[in-house]
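Asks: My questions all concern the structure below.
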Amino acid sequence: MRKSIALCAALSLLTLVSCSSNSNSAQTTLSPSFDEVIASRRSVRSYDASKKISEEEVRELLLSTQEAPSWANQQPSKYYVAISAEKVAAVQDLVGSNKDRIKDAPVLIVSTFERGKSGFFHGNASNEVGDGWGAYDNGLSNGYLILKARAMGFDTLIMGMRDADALRDLFSIPAEETIMAVIALGYRSGEPKRPEHRSLDEIVKFF
């Protein structure tokens, strides 16, 4: 009897270990390392039309941008999400020659920042950069966005070619916000090549 109890206990323990191991394995598969995210991120110019992204997933993605640092925690970045077929089609017409490249992206996100916040103290510019700090903070926020997107299995393309006036009208974007970029969000349809990068010694100097 004691042997049977011991055998059952051993089998139970092995089952728990196996389940735990499988769970950890699945978690590892679903959660790439930071280095893997950076290494696999690309500016993607061709998207898989058969794959969609839900509003819930976009909300999870944009939550990550709220963790980005900003001048005195001013959080100047704002996002306007085109996710309905009508709005996506409208934005596609406003990104110049990128239209064909992002025609199958299911989501397009307009990124802006509020002027007069980052880089200012009591309404006065704190240094010569001025509202450039708002653009800087928006870039940091967008950086979080595209890396989180890759961690979730998505791909992105940041587009600086855009009709800012038409986008402002389309989304009723306030006049005090500067429109920076349109970001395509979707799934890559193929494996893009890694572009060549300058050597570290060309961009870094140690003193």
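Going through the structure tokens in order, the chains are called A, B, and so on, while each chain numbers its residues from 1 and the ligands are numbered from 1 in the order shown.
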Just list the residues in range 22-124 of chain A DSSP gives strand (DSSP E or B) on the backbone, as a ChimeraX atom specification.
Replies: /A:43,47,77-82,107-114,120-121,124
Asks: Please save C-alpha atoms of the selected residues as a compact mmCIF listing (two decimals), in the first residue's frame.
Replies:
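This went into result_13.txt:
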```
# COMPACT_ATOMS: atom_id res chain seq x y z
CA SER A 43 10.39 48.88 -41.47
CA TYR A 47 1.59 43.44 -45.39
CA SER A 77 2.14 62.37 -27.40
CA LYS A 78 -1.32 61.64 -28.78
CA TYR A 79 -2.50 58.90 -31.14
CA TYR A 80 -5.38 58.77 -33.62
CA VAL A 81 -6.18 55.23 -34.77
CA ALA A 82 -7.72 54.41 -38.13
CA VAL A 107 -4.41 49.70 -38.92
CA LEU A 108 -2.93 53.15 -39.48
CA ILE A 109 -1.98 55.34 -36.52
CA VAL A 110 -1.43 59.10 -36.63
CA SER A 111 1.14 60.28 -34.09
CA THR A 112 1.11 63.86 -32.74
CA PHE A 113 2.45 65.88 -29.82
CA GLU A 114 1.07 68.86 -27.92
CA PHE A 120 8.81 74.50 -21.31
CA PHE A 121 8.54 75.88 -17.77
CA ASN A 124 8.69 79.69 -21.46
```
Asks: Identify, on the basis of only C-alpha atoms, every residue whose closest approach to Lys51 in chain A does not exceed 9 Å; exclude the query and any residue fewer than 4 positions from it along the same chain; express the result as a list of chain:residue names.
Replies: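 The neighbour list is A:Tyr47, A:Ala105, A:Pro106, A:Gly186, A:Tyr187.
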Asks: Arg115 in chain A: which residues within 10 Å, counting only C-alpha atoms, same-chain residues fewer than 3 positions away excluded, as an mmCIF file with N, CA and C atoms, in the first residue's frame?
Replies:
```
data_model
loop_
_atom_site.group_PDB
_atom_site.id
_atom_site.type_symbol
_atom_site.label_atom_id
_atom_site.label_comp_id
_atom_site.auth_asym_id
_atom_site.auth_seq_id
_atom_site.Cartn_x
_atom_site.Cartn_y
_atom_site.Cartn_z
ATOM 1 N N PRO A 76 3.374 64.425 -23.894
ATOM 2 C CA PRO A 76 2.750 65.228 -24.943
ATOM 3 C C PRO A 76 2.203 64.437 -26.126
ATOM 4 N N SER A 77 2.530 63.152 -26.213
ATOM 5 C CA SER A 77 2.143 62.373 -27.398
ATOM 6 C C SER A 77 0.667 62.003 -27.397
ATOM 7 N N THR A 112 0.970 62.412 -32.905
ATOM 8 C CA THR A 112 1.113 63.859 -32.738
ATOM 9 C C THR A 112 1.709 64.171 -31.365
ATOM 10 N N SER A 118 6.495 69.799 -23.392
ATOM 11 C CA SER A 118 7.881 69.341 -23.195
ATOM 12 C C SER A 118 8.843 70.444 -23.617
ATOM 13 N N GLY A 119 9.827 70.737 -22.736
ATOM 14 C CA GLY A 119 10.805 71.773 -23.036
ATOM 15 C C GLY A 119 10.411 73.147 -22.534
ATOM 16 N N PHE A 120 9.302 73.213 -21.793
ATOM 17 C CA PHE A 120 8.807 74.504 -21.314
ATOM 18 C C PHE A 120 8.636 74.501 -19.793
ATOM 19 N N GLY A 130 13.388 74.208 -27.390
ATOM 20 C CA GLY A 130 11.957 74.531 -27.378
ATOM 21 C C GLY A 130 11.072 73.329 -27.656
ATOM 22 N N ASP A 131 10.161 73.488 -28.632
ATOM 23 C CA ASP A 131 9.216 72.409 -28.940
ATOM 24 C C ASP A 131 9.891 71.191 -29.561
ATOM 25 N N GLY A 132 11.198 71.318 -29.857
ATOM 26 C CA GLY A 132 11.920 70.143 -30.322
ATOM 27 C C GLY A 132 11.874 69.027 -29.295
ATOM 28 N N TRP A 133 11.721 69.408 -28.024
ATOM 29 C CA TRP A 133 11.613 68.388 -26.974
ATOM 30 C C TRP A 133 10.300 67.621 -27.084
ATOM 31 N N GLY A 134 9.264 68.269 -27.571
ATOM 32 C CA GLY A 134 8.003 67.564 -27.794
ATOM 33 C C GLY A 134 8.158 66.517 -28.883
ATOM 34 N N ALA A 135 8.879 66.893 -29.953
ATOM 35 C CA ALA A 135 9.151 65.950 -31.034
ATOM 36 C C ALA A 135 10.034 64.808 -30.529
ATOM 37 N N ALA A 175 -5.490 72.308 -33.099
ATOM 38 C CA ALA A 175 -4.458 73.134 -33.721
ATOM 39 C C ALA A 175 -3.168 73.144 -32.925
ATOM 40 N N GLU A 176 -3.245 72.949 -31.594
ATOM 41 C CA GLU A 176 -2.038 72.997 -30.752
ATOM 42 C C GLU A 176 -1.220 71.710 -30.811
ATOM 43 N N GLU A 177 -1.654 70.747 -31.597
ATOM 44 C CA GLU A 177 -0.896 69.506 -31.751
ATOM 45 C C GLU A 177 -0.157 69.501 -33.088
ATOM 46 N N THR A 178 1.112 69.105 -33.059
ATOM 47 C CA THR A 178 1.892 68.948 -34.285
ATOM 48 C C THR A 178 1.780 67.498 -34.754
#
```
Asks: Counting only C-alpha atoms, which residue out of A:Ala68, A:Leu147, A:Leu61, A:Met159 sits closest to Arg41 in chain A?
Replies: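 The answer is A:Leu147, which sits nearest to Arg41 in chain A.
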Asks: Grab the CA of Glu202 in chain A to CA of Arg150 in chain A distance for me, in Å with one decimal place.
Replies: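 Between CA of Glu202 in chain A and CA of Arg150 in chain A the gap is 27.5 Å.
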Asks: I need the residue nearest Ala166 in chain A from this list: A:Glu55, A:Leu94, A:Glu86, A:Ala181. Use only C-alpha atoms for the distance.
Replies: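 When distances to Ala166 in chain A are compared using only C-alpha atoms, the smallest one comes from A:Leu94.
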Asks: Using only C-alpha atoms, determine which residues lie at most 12 Å from Pro32 in chain A, disregarding the query and same-chain residues fewer than 6 positions distant; provide the list as number ranges by chain.
Replies: A: 25-26, 38-41, 147-153
Asks: Neighbours of Tyr144 in chain A within 10 Å (only C-alpha atoms; same-chain residues fewer than 2 positions away dropped), as a PyMOL selection string?
Replies: chain A and resi 61-69+138-142+146-149
Asks: Could you go through chain A and tell me which residues DSSP, when run on the backbone, assigns to alpha helix (DSSP H), listing them as a PyMOL selection string?
Replies: chain A and resi 2-30+34-40+55-63+85-92+132-151+164-171+200-203
Asks: Rank nothing, just name the residue among A:Ala89, A:Leu200, A:Met180, A:Ile53 nearest to Arg162 in chain A, using only C-alpha atoms.
Replies: A:Met180
Asks: What is the CA of Gly123 in chain A to CA of Asn73 in chain A distance in Å?
Replies: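 Going from CA of Gly123 in chain A over to CA of Asn73 in chain A, I get 15.6 Å.
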Asks: Just the number, please: distance in Å from CA of Val182 in chain A to CA of Trp71 in chain A, one decimal.
Replies: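 We find that CA of Val182 in chain A and CA of Trp71 in chain A lie 22.7 Å from each other.
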